[in-house]
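A.B. asks: Please find data_20.cif (mmCIF, C-alpha atoms) on the next line:
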```cif
data_run
#
loop_
_atom_site.group_PDB
_atom_site.id
_atom_site.type_symbol
_atom_site.label_atom_id
_atom_site.label_comp_id
_atom_site.auth_asym_id
_atom_site.auth_seq_id
_atom_site.Cartn_x
_atom_site.Cartn_y
_atom_site.Cartn_z
ATOM 1 C CA MET A 1 71.196 60.824 123.200
ATOM 2 C CA LYS A 2 73.814 63.181 124.473
ATOM 3 C CA LYS A 3 72.917 65.862 126.915
ATOM 4 C CA ILE A 4 73.344 69.355 125.459
ATOM 5 C CA ILE A 5 74.530 71.970 127.890
ATOM 6 C CA LEU A 6 74.021 75.635 127.089
ATOM 7 C CA CYS A 7 76.762 77.992 128.284
ATOM 8 C CA LEU A 8 75.618 81.552 129.031
ATOM 9 C CA SER A 9 78.329 84.223 129.428
ATOM 10 C CA PHE A 10 77.598 87.619 130.916
ATOM 11 C CA ILE A 11 80.442 90.011 130.176
ATOM 12 C CA SER A 12 80.073 93.722 130.746
ATOM 13 C CA LEU A 13 81.369 96.164 128.140
ATOM 14 C CA PRO A 14 84.881 97.335 128.942
ATOM 15 C CA ALA A 15 85.426 100.821 130.256
ATOM 16 C CA TRP A 16 87.737 101.532 127.333
ATOM 17 C CA ALA A 17 85.062 100.978 124.681
ATOM 18 C CA THR A 18 84.590 103.843 122.211
ATOM 19 C CA PRO A 19 81.313 105.773 121.871
ATOM 20 C CA GLU A 20 80.820 104.055 118.499
ATOM 21 C CA SER A 21 78.567 101.019 118.346
ATOM 22 C CA PRO A 22 80.390 97.667 118.570
ATOM 23 C CA ARG A 23 80.694 95.843 115.248
ATOM 24 C CA PHE A 24 79.586 92.226 114.878
ATOM 25 C CA PHE A 25 81.857 89.584 113.325
ATOM 26 C CA ILE A 26 81.785 85.885 112.479
ATOM 27 C CA GLY A 27 84.617 83.489 111.760
ATOM 28 C CA ALA A 28 85.896 79.964 111.372
ATOM 29 C CA LYS A 29 89.159 78.278 112.312
ATOM 30 C CA GLY A 30 90.863 74.943 112.134
ATOM 31 C CA GLY A 31 94.174 73.295 112.770
ATOM 32 C CA TYR A 32 96.083 70.604 114.589
ATOM 33 C CA GLN A 33 96.331 69.744 118.280
ATOM 34 C CA TRP A 34 98.317 67.411 120.451
ATOM 35 C CA ALA A 35 97.412 66.399 124.008
ATOM 36 C CA ALA A 36 99.964 66.348 126.803
ATOM 37 C CA ASP A 37 98.787 63.527 129.100
ATOM 38 C CA ASP A 38 100.932 61.722 131.700
ATOM 39 C CA ASN A 39 98.762 58.599 131.267
ATOM 40 C CA TYR A 40 100.370 57.939 127.874
ATOM 41 C CA ASN A 41 103.799 56.469 128.359
ATOM 42 C CA HIS A 42 104.728 56.007 124.729
ATOM 43 C CA SER A 43 103.098 58.782 122.690
ATOM 44 C CA ASP A 44 100.659 61.645 123.170
ATOM 45 C CA PRO A 45 97.472 61.552 121.089
ATOM 46 C CA ASP A 46 96.903 64.153 118.406
ATOM 47 C CA GLY A 47 94.151 65.190 116.013
ATOM 48 C CA ALA A 48 92.415 68.011 114.170
ATOM 49 C CA ILE A 49 90.481 71.032 115.516
ATOM 50 C CA PHE A 50 87.506 72.698 113.832
ATOM 51 C CA GLY A 51 85.629 75.705 115.152
ATOM 52 C CA VAL A 52 83.220 78.553 114.456
ATOM 53 C CA TYR A 53 82.820 81.739 116.455
ATOM 54 C CA SER A 54 81.291 85.212 116.532
ATOM 55 C CA GLY A 55 81.646 88.286 118.651
ATOM 56 C CA LEU A 56 81.835 92.065 118.974
ATOM 57 C CA GLN A 57 84.631 94.462 117.995
ATOM 58 C CA PHE A 58 84.617 97.293 120.553
ATOM 59 C CA THR A 59 87.674 99.207 119.319
ATOM 60 C CA PRO A 60 90.346 98.462 116.691
ATOM 61 C CA ALA A 61 92.333 96.796 119.502
ATOM 62 C CA TRP A 62 89.745 95.192 121.807
ATOM 63 C CA SER A 63 87.140 92.537 121.003
ATOM 64 C CA TRP A 64 85.191 89.716 122.640
ATOM 65 C CA ASP A 65 84.178 86.422 121.055
ATOM 66 C CA VAL A 66 82.347 83.189 121.849
ATOM 67 C CA GLY A 67 82.606 80.021 119.811
ATOM 68 C CA TYR A 68 82.255 76.280 119.429
ATOM 69 C CA GLN A 69 85.188 73.898 118.878
ATOM 70 C CA TYR A 70 85.136 70.240 117.908
ATOM 71 C CA HIS A 71 88.310 68.285 118.660
ATOM 72 C CA ASP A 72 88.699 65.270 116.434
ATOM 73 C CA ASP A 73 89.271 61.879 118.110
ATOM 74 C CA LEU A 74 92.508 61.755 120.072
ATOM 75 C CA THR A 75 93.837 58.220 119.614
ATOM 76 C CA ALA A 76 96.898 56.782 121.314
ATOM 77 C CA ASP A 77 97.690 53.604 119.330
ATOM 78 C CA SER A 78 99.968 52.131 121.958
ATOM 79 C CA SER A 79 97.236 52.062 124.625
ATOM 80 C CA SER A 80 94.102 52.037 122.458
ATOM 81 C CA ILE A 81 92.713 55.004 124.350
ATOM 82 C CA ASN A 82 90.293 57.194 122.418
ATOM 83 C CA VAL A 83 89.185 60.677 123.503
ATOM 84 C CA LYS A 84 86.395 62.783 121.982
ATOM 85 C CA THR A 85 86.016 66.410 123.062
ATOM 86 C CA TRP A 86 83.881 69.392 122.140
ATOM 87 C CA LEU A 87 83.816 72.713 123.903
ATOM 88 C CA ILE A 88 82.271 76.187 124.064
ATOM 89 C CA GLU A 89 84.855 78.883 124.574
ATOM 90 C CA SER A 90 84.795 82.616 125.215
ATOM 91 C CA ALA A 91 87.645 85.102 125.434
ATOM 92 C CA ILE A 92 88.671 88.745 125.402
ATOM 93 C CA ARG A 93 91.171 89.622 122.654
ATOM 94 C CA TYR A 94 93.699 92.463 122.318
ATOM 95 C CA ASP A 95 95.512 93.362 119.054
ATOM 96 C CA TRP A 96 98.783 95.297 119.058
ATOM 97 C CA TYR A 97 99.315 96.824 115.606
ATOM 98 C CA VAL A 98 102.845 96.790 114.212
ATOM 99 C CA LYS A 99 101.472 98.070 110.888
ATOM 100 C CA ASP A 100 98.094 99.361 109.759
ATOM 101 C CA ASN A 101 97.208 95.895 108.404
ATOM 102 C CA LEU A 102 99.321 93.639 110.661
ATOM 103 C CA SER A 103 98.908 92.949 114.366
ATOM 104 C CA LEU A 104 100.058 90.618 117.117
ATOM 105 C CA TYR A 105 97.170 89.426 119.253
ATOM 106 C CA GLY A 106 96.474 87.704 122.543
ATOM 107 C CA ARG A 107 93.269 86.037 123.774
ATOM 108 C CA LEU A 108 92.417 85.129 127.345
ATOM 109 C CA GLY A 109 89.252 83.365 128.451
ATOM 110 C CA ALA A 110 87.694 80.052 129.434
ATOM 111 C CA ALA A 111 86.435 76.876 127.765
ATOM 112 C CA TYR A 112 83.495 74.744 128.870
ATOM 113 C CA TRP A 113 84.306 71.214 127.661
ATOM 114 C CA ASP A 114 82.643 67.817 127.321
ATOM 115 C CA VAL A 115 84.976 64.800 127.208
ATOM 116 C CA GLU A 116 84.202 61.184 126.294
ATOM 117 C CA LYS A 117 86.992 58.656 126.858
ATOM 118 C CA THR A 118 87.063 54.963 125.949
ATOM 119 C CA ASN A 119 89.592 52.129 126.134
ATOM 120 C CA ARG A 120 89.633 48.320 125.901
ATOM 121 C CA ALA A 121 89.021 47.630 129.551
ATOM 122 C CA SER A 122 86.195 50.005 130.374
ATOM 123 C CA ASP A 123 82.999 51.492 129.126
ATOM 124 C CA LYS A 124 82.705 55.075 127.989
ATOM 125 C CA LEU A 125 83.629 57.663 130.603
ATOM 126 C CA ASN A 126 82.226 61.192 130.455
ATOM 127 C CA ALA A 127 83.219 64.405 132.162
ATOM 128 C CA THR A 128 82.405 68.096 131.827
ATOM 129 C CA GLY A 129 84.115 71.116 133.271
ATOM 130 C CA LEU A 130 85.684 74.546 132.834
ATOM 131 C CA SER A 131 89.310 75.308 131.983
ATOM 132 C CA PRO A 132 91.338 78.471 131.330
ATOM 133 C CA LEU A 133 92.156 79.181 127.692
ATOM 134 C CA GLY A 134 94.866 81.334 126.138
ATOM 135 C CA GLU A 135 95.943 82.082 122.594
ATOM 136 C CA VAL A 136 98.650 84.204 120.928
ATOM 137 C CA GLY A 137 99.232 84.788 117.244
ATOM 138 C CA VAL A 138 99.486 87.121 114.290
ATOM 139 C CA ASP A 139 96.615 88.719 112.342
ATOM 140 C CA TYR A 140 96.655 90.156 108.797
ATOM 141 C CA THR A 141 93.959 92.441 107.352
ATOM 142 C CA LEU A 142 93.143 91.459 103.760
ATOM 143 C CA THR A 143 90.367 94.044 103.321
ATOM 144 C CA PRO A 144 88.694 96.469 105.760
ATOM 145 C CA ASN A 145 86.229 93.659 106.624
ATOM 146 C CA LEU A 146 88.194 90.417 106.074
ATOM 147 C CA ARG A 147 91.088 89.189 108.254
ATOM 148 C CA LEU A 148 93.319 86.117 108.446
ATOM 149 C CA SER A 149 95.025 84.846 111.594
ATOM 150 C CA ALA A 150 97.441 82.164 112.698
ATOM 151 C CA GLY A 151 98.221 81.315 116.308
ATOM 152 C CA TYR A 152 98.914 78.928 119.148
ATOM 153 C CA GLN A 153 96.104 77.897 121.551
ATOM 154 C CA TYR A 154 96.518 76.373 124.992
ATOM 155 C CA ILE A 155 93.712 74.881 127.147
ATOM 156 C CA ASP A 156 94.688 73.653 130.605
ATOM 157 C CA SER A 157 93.487 70.427 132.270
ATOM 158 C CA ILE A 158 90.666 69.055 130.159
ATOM 159 C CA GLY A 159 89.039 66.101 131.945
ATOM 160 C CA LYS A 160 88.526 64.864 135.501
ATOM 161 C CA SER A 161 89.765 62.060 137.722
ATOM 162 C CA ASN A 162 87.537 59.432 136.097
ATOM 163 C CA THR A 163 88.696 60.249 132.565
ATOM 164 C CA GLY A 164 92.147 61.529 133.284
ATOM 165 C CA LYS A 165 93.281 65.046 132.468
ATOM 166 C CA TYR A 166 95.226 66.363 129.511
ATOM 167 C CA ASP A 167 96.457 69.761 128.302
ATOM 168 C CA SER A 168 95.479 70.734 124.764
ATOM 169 C CA HIS A 169 98.097 72.441 122.575
ATOM 170 C CA GLY A 170 96.829 73.636 119.186
ATOM 171 C CA LEU A 171 98.104 75.395 116.080
ATOM 172 C CA LEU A 172 95.222 77.240 114.413
ATOM 173 C CA VAL A 173 94.525 79.291 111.315
ATOM 174 C CA GLY A 174 91.347 81.310 111.035
ATOM 175 C CA ILE A 175 89.354 83.721 108.893
ATOM 176 C CA ARG A 176 87.041 86.432 110.186
ATOM 177 C CA TYR A 177 84.500 88.738 108.556
ATOM 178 C CA THR A 178 83.418 91.942 110.317
ATOM 179 C CA PHE A 179 80.164 93.623 109.350
ATOM 180 C CA GLY A 180 79.806 97.381 108.848
ATOM 181 C CA ASP A 181 82.268 100.154 108.064
ATOM 182 C CA SER A 182 85.786 99.638 109.265
ATOM 183 C CA THR A 183 87.999 102.229 110.901
ATOM 184 C CA LYS A 184 91.577 101.093 110.349
ATOM 185 C CA PRO A 185 93.902 101.722 113.296
ATOM 186 C CA THR A 186 97.088 103.687 112.814
ATOM 187 C CA LEU A 187 100.333 103.562 114.711
ATOM 188 C CA ASP A 188 99.925 107.193 115.830
ATOM 189 C CA GLU A 189 96.259 106.773 116.767
ATOM 190 C CA ASN A 190 96.786 108.440 120.138
ATOM 191 C CA LEU A 191 98.259 111.522 118.466
ATOM 192 C CA SER A 192 95.252 112.292 116.252
ATOM 193 C CA THR A 193 93.525 115.688 116.546
ATOM 194 C CA PRO A 194 90.421 115.521 118.769
ATOM 195 C CA ALA A 195 87.220 115.880 116.787
ATOM 196 C CA ASN A 196 86.062 118.911 118.801
ATOM 197 C CA GLU A 197 89.209 120.949 118.128
ATOM 198 C CA PRO A 198 89.286 123.148 115.006
ATOM 199 C CA VAL A 199 91.862 122.161 112.434
ATOM 200 C CA PRO A 200 93.880 125.162 111.232
ATOM 201 C CA VAL A 201 93.549 125.783 107.507
ATOM 202 C CA GLU A 202 96.460 127.482 105.811
ATOM 203 C CA SER A 203 95.593 130.088 103.220
ATOM 204 C CA PRO A 204 97.067 129.496 99.758
ATOM 205 C CA PRO A 205 100.268 131.424 98.962
ATOM 206 C CA GLN A 206 99.796 134.811 97.301
ATOM 207 C CA THR A 207 101.938 136.251 94.505
ATOM 208 C CA LEU A 208 103.203 139.827 94.741
ATOM 209 C CA THR A 209 103.916 141.585 91.452
ATOM 210 C CA TYR A 210 106.175 144.653 91.645
ATOM 211 C CA LEU A 211 106.459 146.768 88.495
ATOM 212 C CA THR A 212 109.933 147.769 87.356
ATOM 213 C CA LYS A 213 110.967 151.171 88.694
ATOM 214 C CA THR A 214 113.021 153.109 86.147
ATOM 215 C CA LEU A 215 114.912 156.168 87.379
ATOM 216 C CA HIS A 216 115.764 158.431 84.405
ATOM 217 C CA GLU A 217 118.254 161.290 84.432
ATOM 218 C CA SER A 218 119.800 159.863 87.543
ATOM 219 C CA PHE A 219 123.399 160.329 86.501
ATOM 220 C CA GLU A 220 125.430 163.109 85.020
ATOM 221 C CA PHE A 221 127.295 162.422 81.801
ATOM 222 C CA GLY A 222 130.171 160.004 82.404
ATOM 223 C CA SER A 223 129.395 159.816 86.157
ATOM 224 C CA ALA A 224 128.523 156.876 88.428
ATOM 225 C CA LYS A 225 127.400 159.075 91.301
ATOM 226 C CA PRO A 226 123.621 158.760 91.928
ATOM 227 C CA SER A 227 121.515 161.872 92.172
ATOM 228 C CA GLN A 228 119.549 162.762 95.273
ATOM 229 C CA HIS A 229 116.412 162.040 93.225
ATOM 230 C CA LEU A 230 117.497 158.378 92.855
ATOM 231 C CA ILE A 231 118.376 157.990 96.541
ATOM 232 C CA ASP A 232 115.016 159.443 97.607
ATOM 233 C CA ASN A 233 113.203 156.882 95.450
ATOM 234 C CA LEU A 234 114.939 153.866 97.023
ATOM 235 C CA SER A 235 112.812 153.936 100.210
ATOM 236 C CA GLU A 236 109.951 152.034 98.566
ATOM 237 C CA ILE A 237 112.359 149.333 97.344
ATOM 238 C CA VAL A 238 113.885 149.012 100.809
ATOM 239 C CA SER A 239 110.440 148.671 102.421
ATOM 240 C CA VAL A 240 109.424 145.748 100.169
ATOM 241 C CA LEU A 241 112.728 143.902 100.627
ATOM 242 C CA ASP A 242 112.602 144.339 104.394
ATOM 243 C CA THR A 243 108.958 143.188 104.683
ATOM 244 C CA TYR A 244 109.427 140.090 102.483
ATOM 245 C CA PRO A 245 112.830 138.438 103.085
ATOM 246 C CA GLN A 246 112.067 135.911 100.314
ATOM 247 C CA SER A 247 112.094 138.699 97.706
ATOM 248 C CA HIS A 248 115.146 140.034 95.861
ATOM 249 C CA VAL A 249 115.948 143.008 93.659
ATOM 250 C CA VAL A 250 117.703 143.238 90.282
ATOM 251 C CA VAL A 251 119.547 146.520 89.640
ATOM 252 C CA VAL A 252 120.545 147.161 86.000
ATOM 253 C CA GLY A 253 122.690 150.115 84.943
ATOM 254 C CA HIS A 254 122.515 151.792 81.493
ATOM 255 C CA THR A 255 124.432 154.523 79.604
ATOM 256 C CA ASP A 256 124.026 156.712 76.568
ATOM 257 C CA SER A 257 125.988 155.983 73.383
ATOM 258 C CA ILE A 258 128.731 158.533 73.796
ATOM 259 C CA GLY A 259 132.096 156.876 74.340
ATOM 260 C CA SER A 260 133.330 153.406 73.505
ATOM 261 C CA GLU A 261 131.118 150.383 73.984
ATOM 262 C CA ALA A 262 133.607 148.824 76.435
ATOM 263 C CA ASP A 263 133.800 151.986 78.561
ATOM 264 C CA ASN A 264 130.025 152.289 78.607
ATOM 265 C CA GLN A 265 129.717 148.652 79.780
ATOM 266 C CA VAL A 266 132.072 149.317 82.694
ATOM 267 C CA LEU A 267 130.286 152.557 83.522
ATOM 268 C CA SER A 268 126.856 150.846 83.560
ATOM 269 C CA GLU A 269 128.159 148.182 85.954
ATOM 270 C CA ARG A 270 129.605 150.861 88.251
ATOM 271 C CA ARG A 271 126.264 152.636 88.329
ATOM 272 C CA ALA A 272 124.405 149.414 89.217
ATOM 273 C CA LYS A 273 126.918 148.514 91.953
ATOM 274 C CA LEU A 274 126.731 151.996 93.432
ATOM 275 C CA VAL A 275 122.929 151.742 93.737
ATOM 276 C CA GLY A 276 123.313 148.260 95.219
ATOM 277 C CA ASN A 277 125.713 149.617 97.840
ATOM 278 C CA GLN A 278 123.237 152.381 98.603
ATOM 279 C CA LEU A 279 120.550 149.743 99.260
ATOM 280 C CA ILE A 280 122.910 147.894 101.611
ATOM 281 C CA ALA A 281 123.588 151.153 103.438
ATOM 282 C CA LEU A 282 119.838 151.522 103.910
ATOM 283 C CA GLY A 283 119.670 148.089 105.595
ATOM 284 C CA VAL A 284 118.952 145.623 102.768
ATOM 285 C CA ASN A 285 120.489 142.131 103.026
ATOM 286 C CA PRO A 286 123.244 141.824 100.367
ATOM 287 C CA ALA A 287 121.935 138.348 99.502
ATOM 288 C CA GLN A 288 118.746 140.023 98.210
ATOM 289 C CA ILE A 289 120.581 142.208 95.680
ATOM 290 C CA GLU A 290 121.685 141.363 92.121
ATOM 291 C CA VAL A 291 123.533 144.005 90.026
ATOM 292 C CA LEU A 292 124.035 144.010 86.243
ATOM 293 C CA GLY A 293 125.345 146.396 83.590
ATOM 294 C CA LYS A 294 123.934 146.627 80.050
ATOM 295 C CA GLY A 295 126.074 149.506 78.751
ATOM 296 C CA GLU A 296 124.588 151.387 75.803
ATOM 297 C CA SER A 297 122.794 148.287 74.395
ATOM 298 C CA ARG A 298 119.267 149.138 75.565
ATOM 299 C CA PRO A 299 118.409 152.767 74.939
ATOM 300 C CA VAL A 300 114.909 154.030 75.712
ATOM 301 C CA ALA A 301 115.286 157.364 73.914
ATOM 302 C CA ASP A 302 117.134 158.932 70.944
ATOM 303 C CA ASN A 303 120.867 159.207 71.661
ATOM 304 C CA ARG A 304 121.134 161.968 69.027
ATOM 305 C CA THR A 305 119.465 164.451 71.334
ATOM 306 C CA LYS A 306 120.600 165.777 74.685
ATOM 307 C CA ALA A 307 117.272 164.942 76.316
ATOM 308 C CA GLY A 308 117.337 161.414 74.891
ATOM 309 C CA ARG A 309 120.855 160.756 76.123
ATOM 310 C CA ALA A 310 119.846 161.977 79.593
ATOM 311 C CA LYS A 311 117.016 159.429 79.699
ATOM 312 C CA ASN A 312 119.365 156.621 78.614
ATOM 313 C CA ARG A 313 121.677 157.379 81.548
ATOM 314 C CA ARG A 314 119.477 155.474 83.960
ATOM 315 C CA VAL A 315 119.088 152.624 86.447
ATOM 316 C CA GLU A 316 116.207 150.105 86.281
ATOM 317 C CA ILE A 317 115.250 148.461 89.550
ATOM 318 C CA THR A 318 113.073 145.322 89.408
ATOM 319 C CA ILE A 319 111.702 143.037 92.123
ATOM 320 C CA PRO A 320 110.703 139.754 90.388
ATOM 321 C CA ASP A 321 107.364 138.170 91.321
ATOM 322 C CA PHE A 322 107.461 136.124 94.522
ATOM 323 C CA GLN A 323 105.017 134.215 96.697
ATOM 324 C CA TYR A 324 104.168 135.030 100.288
ATOM 325 C CA GLN A 325 101.813 133.717 102.971
ATOM 326 C CA GLN A 326 99.102 135.970 104.300
#
```
Once you've parsed the file, please lay out its structure as structure tokens.

C.D. replies:
Amino acid sequence: MKKIILCLSFISLPAWATPESPRFFIGAKGGYQWAADDNYNHSDPDGAIFGVYSGLQFTPAWSWDVGYQYHDDLTADSSSINVKTWLIESAIRYDWYVKDNLSLYGRLGAAYWDVEKTNRASDKLNATGLSPLGEVGVDYTLTPNLRLSAGYQYIDSIGKSNTGKYDSHGLLVGIRYTFGDSTKPTLDENLSTPANEPVPVESPPQTLTYLTKTLHESFEFGSAKPSQHLIDNLSEIVSVLDTYPQSHVVVVGHTDSIGSEADNQVLSERRAKLVGNQLIALGVNPAQIEVLGKGESRPVADNRTKAGRAKNRRVEITIPDFQYQQ
């Protein structure tokens, strides 16, 4: 009956652990190993590796695990040497995330091993001891709780003088399940807003509606010169355009029906341009101004009367709806 040795590891929680409770995980791994041993002149023995492990995830990057590995018989045919090994291993692991679901990892720890070696000329030889262990590899997150890994494991100097020593090189694949809710790491994790700082909330954009301002009787018959009444009424327009640079104004000139249609079109455009120039003189950005002429095509009163024609000689000033931030 083999003697069973229990390995107790006392590892304090790292100083970099988060305030959140560590999450428990379990896993299994397997693969292929070859043993580098100077006692074998012709070929190094090789065989399979099987293992189970569990541990604690302290942060998305740092974890600690402890596990059991069984190394299948290492047989060197040329010398008929047979080696059987099992071990208990424990290591600290760090994951460096290149993507949210992909990381490169490294493990560093120790392995407590039990070796049994036999050959033709001697009885079974046993040895136990402790060796440093290291592993590097790549890890892929399938789901928030399930991960796959593949890596290279190295254990230094397994065995003693009576059994001979060998270095174990292994290629392993593993699967791990972590219990509880998962917080996926991000590449800009260090740039996240601290939980105790208020997050600014932008108010939704508001829409300003400005009713069309129509200035009647602003021009004498056949004239493009604005009246003082029109100029005095431009201050409100200027104030809106200056306060909200994203706004713009549309200035449309109109005429009565006296005269030819072509002349009235030109006259309406002159009236609109003259008001636009007046806005520029009052400090409005020219890029905010659009001028149009509609001639006699849009009367608002009866052109057969003097009073109606006076109302048709007008300028309409409109600021289209626009959005602004409070």

A.B. asks: Any idea what's packed within 10 Å of A:Ser149, counting all atoms listed in the file, ignoring anything in its chain fewer than 2 positions away? Could you give it as a PyMOL selection string?

C.D. replies: chain A and resi 29+102-105+137-141+147+151+172-176

A.B. asks: Specify as a PyMOL selection string each residue included when the PyMOL selection byres ((chain A and resi 171) around 7) is applied to this file.

C.D. replies: chain A and resi 31-33+151-153+170+172

A.B. asks: With all atoms listed in the file as the basis for distance, which of A:Thr243, A:Ser63, A:Thr305, A:Ser54 is at the shortest distance from A:Arg93?

C.D. replies: A:Ser63

A.B. asks: How would you write as a JSON list (two decimals) with C-alpha atoms, in the frame of the given file the residues that get within 7 Å of (117.2, 147.4, 98.3) in the file's frame, counting only C-alpha atoms?

C.D. replies:
```
[["chain", "number", "residue", "atom", "x", "y", "z"],
["A", 234, "LEU", "CA", 114.94, 153.87, 97.02],
["A", 237, "ILE", "CA", 112.36, 149.33, 97.34],
["A", 238, "VAL", "CA", 113.88, 149.01, 100.81],
["A", 241, "LEU", "CA", 112.73, 143.90, 100.63],
["A", 249, "VAL", "CA", 115.95, 143.01, 93.66],
["A", 276, "GLY", "CA", 123.31, 148.26, 95.22],
["A", 279, "LEU", "CA", 120.55, 149.74, 99.26],
["A", 280, "ILE", "CA", 122.91, 147.89, 101.61],
["A", 284, "VAL", "CA", 118.95, 145.62, 102.77],
["A", 289, "ILE", "CA", 120.58, 142.21, 95.68]]
```

A.B. asks: Of the candidates A:Ala91, A:Val266, A:Ala310, A:Val115, which one gets nearest to A:Val136 if we count only C-alpha atoms?

C.D. replies: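 Smallest separation from A:Val136 among the options: A:Ala91.
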